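This is my_file.cif. It holds mmCIF, C-alpha atoms.
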```cif
data_query
#
loop_
_atom_site.label_atom_id
_atom_site.label_comp_id
_atom_site.auth_asym_id
_atom_site.auth_seq_id
_atom_site.Cartn_x
_atom_site.Cartn_y
_atom_site.Cartn_z
CA MET A 1 23.96 21.01 -19.31
CA PRO A 2 20.88 18.80 -19.63
CA PRO A 3 20.69 15.44 -17.87
CA SER A 4 21.85 12.59 -20.08
CA LYS A 5 19.08 10.38 -21.46
CA GLY A 6 21.67 7.62 -21.14
CA LEU A 7 20.77 7.54 -17.44
CA ILE A 8 17.24 6.30 -18.22
CA GLY A 9 16.90 2.84 -16.72
CA ARG A 10 19.91 3.30 -14.41
CA GLU A 11 19.37 1.76 -11.00
CA LEU A 12 19.86 4.34 -8.26
CA SER A 13 20.03 2.08 -5.26
CA THR A 14 18.36 -0.65 -3.27
CA GLY A 15 17.31 -0.16 0.33
CA THR A 16 14.89 -1.55 2.88
CA ALA A 17 12.09 -0.06 4.92
CA SER A 18 10.18 -1.58 7.82
CA ILE A 19 6.54 -0.70 8.30
CA ASP A 20 6.64 0.12 12.02
CA ALA A 21 3.28 0.36 13.83
CA ASP A 22 4.34 3.27 16.09
CA HIS A 23 5.71 5.24 13.15
CA VAL A 24 2.58 4.59 11.07
CA ALA A 25 0.37 5.72 13.98
CA ALA A 26 2.41 8.93 14.36
CA PHE A 27 2.16 9.54 10.60
CA ALA A 28 -1.63 9.04 10.70
CA ARG A 29 -1.94 11.43 13.66
CA ALA A 30 0.10 14.04 11.76
CA LEU A 31 -2.41 13.70 8.92
CA ARG A 32 -5.25 13.91 11.47
CA ASP A 33 -6.51 10.60 10.12
CA PRO A 34 -8.34 8.69 12.88
CA ASN A 35 -8.80 5.53 10.78
CA PRO A 36 -8.46 2.56 13.20
CA ALA A 37 -6.65 0.61 10.46
CA TYR A 38 -3.65 2.91 11.05
CA GLN A 39 -3.55 3.26 14.84
CA GLY A 40 -4.79 1.53 17.95
CA PRO A 41 -5.23 -2.13 18.85
CA ASP A 42 -6.82 -3.07 15.50
CA ALA A 43 -4.22 -1.34 13.32
CA SER A 44 -3.08 -3.43 10.35
CA SER A 45 -1.99 -1.15 7.52
CA ALA A 46 -0.70 2.33 6.66
CA PRO A 47 -2.11 5.41 4.90
CA LEU A 48 -1.62 5.40 1.13
CA THR A 49 0.91 8.26 1.32
CA TYR A 50 2.99 6.60 4.06
CA PRO A 51 5.91 5.56 1.80
CA ILE A 52 6.89 9.25 1.62
CA ALA A 53 7.98 8.86 5.26
CA PHE A 54 10.68 6.31 4.44
CA MET A 55 11.58 6.43 0.76
CA THR A 56 14.25 9.15 0.93
CA GLN A 57 16.11 7.41 3.73
CA ALA A 58 15.83 3.97 2.15
CA MET A 59 17.03 5.24 -1.24
CA ALA A 60 19.88 7.47 0.01
CA GLY A 61 22.50 5.24 -1.61
CA GLY A 62 21.58 6.55 -5.06
CA MET A 63 23.00 10.01 -4.48
CA ASN A 64 25.99 9.56 -6.82
CA THR A 65 23.75 8.82 -9.80
CA PHE A 66 21.44 11.60 -8.69
CA LEU A 67 24.36 14.04 -8.83
CA GLU A 68 25.24 12.74 -12.31
CA LEU A 69 21.88 14.07 -13.49
CA GLY A 70 23.43 17.53 -13.32
CA LEU A 71 20.27 19.31 -12.24
CA ASN A 72 20.39 22.81 -10.80
CA PHE A 73 19.58 22.09 -7.15
CA MET A 74 18.83 25.77 -6.49
CA THR A 75 15.82 25.54 -8.82
CA LEU A 76 14.76 21.96 -8.05
CA VAL A 77 11.08 21.40 -7.30
CA HIS A 78 8.99 18.32 -6.62
CA GLY A 79 6.58 18.23 -9.53
CA GLU A 80 4.50 15.12 -8.97
CA GLN A 81 4.30 11.94 -6.90
CA GLU A 82 2.14 8.91 -7.56
CA PHE A 83 1.75 5.48 -6.03
CA GLU A 84 0.36 2.36 -7.62
CA TYR A 85 -0.51 -0.30 -5.05
CA LEU A 86 -0.87 -4.00 -5.69
CA ARG A 87 -1.93 -4.54 -2.07
CA PRO A 88 -2.00 -2.54 1.21
CA LEU A 89 1.15 -2.12 3.29
CA ARG A 90 1.16 -4.44 6.31
CA LEU A 91 2.37 -3.39 9.72
CA GLY A 92 5.56 -5.22 10.69
CA GLU A 93 6.69 -6.14 7.20
CA THR A 94 10.00 -5.11 5.67
CA LEU A 95 10.07 -4.01 2.05
CA THR A 96 12.97 -3.95 -0.38
CA LEU A 97 12.99 -0.79 -2.48
CA THR A 98 14.73 -0.47 -5.82
CA GLY A 99 14.94 2.96 -7.41
CA ARG A 100 15.78 3.79 -11.00
CA VAL A 101 15.64 6.68 -13.43
CA GLY A 102 12.41 6.15 -15.36
CA ASP A 103 12.49 9.03 -17.82
CA ILE A 104 14.25 12.29 -18.66
CA TYR A 105 12.71 14.99 -20.82
CA GLU A 106 12.62 18.75 -21.21
CA LYS A 107 10.08 21.46 -21.89
CA VAL A 108 10.85 24.92 -23.23
CA GLY A 109 8.77 27.87 -22.08
CA SER A 110 8.97 31.63 -21.92
CA SER A 111 11.31 31.51 -18.90
CA GLY A 112 13.71 28.99 -20.45
CA THR A 113 14.22 25.24 -20.46
CA LEU A 114 12.96 22.99 -17.69
CA ASP A 115 14.47 19.53 -17.18
CA PHE A 116 12.16 16.77 -15.91
CA VAL A 117 13.43 13.57 -14.32
CA VAL A 118 11.05 10.75 -13.38
CA LEU A 119 12.34 8.57 -10.55
CA GLU A 120 10.67 5.19 -10.18
CA THR A 121 10.69 2.96 -7.12
CA GLU A 122 9.53 -0.63 -6.86
CA ALA A 123 8.78 -2.05 -3.39
CA LYS A 124 8.78 -5.83 -2.88
CA ASP A 125 7.88 -7.89 0.17
CA ALA A 126 9.98 -10.64 1.77
CA ALA A 127 8.65 -13.15 -0.77
CA GLY A 128 9.85 -10.94 -3.62
CA LYS A 129 6.34 -9.98 -4.69
CA PRO A 130 5.69 -6.35 -5.71
CA VAL A 131 3.70 -4.30 -3.18
CA PHE A 132 3.75 -0.85 -4.78
CA TYR A 133 5.36 1.29 -7.45
CA SER A 134 6.10 4.97 -7.02
CA ARG A 135 6.84 7.61 -9.62
CA ASN A 136 8.29 10.95 -8.55
CA THR A 137 8.86 13.77 -11.04
CA ILE A 138 11.44 16.39 -10.19
CA ILE A 139 11.89 19.57 -12.20
CA SER A 140 14.86 21.87 -12.53
CA LYS A 141 15.32 25.10 -14.49
CA ARG A 142 18.33 24.76 -16.75
CA THR A 143 20.97 27.43 -16.34
#
```

Would you write the structure of this file as structure tokens?
Amino acid sequence: MPPSKGLIGRELSTGTASIDADHVAAFARALRDPNPAYQGPDASSAPLTYPIAFMTQAMAGGMNTFLELGLNFMTLVHGEQEFEYLRPLRLGETLTLTGRVGDIYEKVGSSGTLDFVVLETEAKDAAGKPVFYSRNTIISKRT
């Protein structure tokens, strides 16, 4: 059964994430990125892909809606991820993340129907100002 387009716009959950200097430094080392902005005494921000390290945990409360999508988890793949920044992440800040279903569509090919779900996340700082937006496309083969 395809995911219901009625879920478009549904809020998945709200969570928080702290931008911890030690965690950012470990993330940068894992990427082999020696940029002093990410580690060391002059560190002040995080690599552009850093939100991947905390988004799943911060958004875990949306699992019930995620299950309502009815995707085949055995065929689920991560299709795309993008970030749109309004400003850099700052070490020590705590962000509030709100996730929602941004879009649902399908494509039919020679191997059958693929369901696409776009999950959107908005991150705001303590003042309520947006810091970044994320869009994550997941794909599942319909059975």

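The residues returned by the PyMOL selection byres ((chain A and resi 139-143) around 7) for this structure are A:Leu71, A:Asn72, A:Thr75, A:Leu76, A:Val77, A:His78, A:Gly79, A:Thr113, A:Leu114, A:Asp115, A:Phe116, A:Val117, A:Thr137, A:Ile138.
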
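Take the candidates A:Gly109, A:Gly102, A:Pro130, A:Gly40 and check each one against Gly6 in chain A using all atoms listed in the file; the shortest distance goes to A:Gly102.
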
Mind giving me the straight-line distance from CA of Ala126 in chain A to CA of Pro41 in chain A in Å, one decimal?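 So the answer is 24.4 Å.
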
Top pick for closest residue to Val118 in chain A, considering A:Leu7, A:Ala25, A:Met1, A:Ala46 and counting all atoms listed in the file: A:Leu7

Atomic separation - CA of Thr56 in chain A relative to CA of Gly15 in chain A, Å: 9.8 Å

Run the PyMOL selection byres ((chain A and resi 26-34) around 12) mentally over the shown coordinates, then write out the matched residues as a list in words, using the chain letters and numbers from the document. Ile19, Asp20, Ala21, Asp22, His23, Val24, Ala25, Asn35, Pro36, Ala37, Tyr38, Gln39, Gly40, Ala43, Ser45, Ala46, Pro47, Leu48, Thr49, Tyr50, Pro51, Ile52, Ala53 and Phe54 of chain A

I'd like the interatomic distance between CA of Lys129 in chain A and CA of Pro88 in chain A, to a tenth of an Å.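 Pair CA of Lys129 in chain A / CA of Pro88 in chain A returns 12.6 Å.
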
Have a look at A:Val101, A:Met55, A:Val131, A:Leu119 and name the one nearest to Arg10 in chain A; count all atoms listed in the file.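 Checking each candidate against Arg10 in chain A, we get A:Val101 as the closest.
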
Range 130-137 of chain A: axis-aligned bounding box, 5 Å on each side, centre and edge lengths in Å, one decimal, as lines of an AutoDock Vina configuration file:
```
center_x = 6.3
center_y = 3.7
center_z = -7.1
size_x = 15.2
size_y = 30.1
size_z = 17.9
```

Residue with the minimum atom-to-atom distance to Ala17 in chain A, picked from A:Leu91, A:Met74, A:Ala127, A:Ile104 with all atoms listed in the file counted, is A:Leu91

If the PyMOL selection byres ((chain A and resi 85) around 10) were run on this exact file, what residues would it hold? Put them as a ChimeraX atom specification. /A:48,82-84,86-89,123,130-134
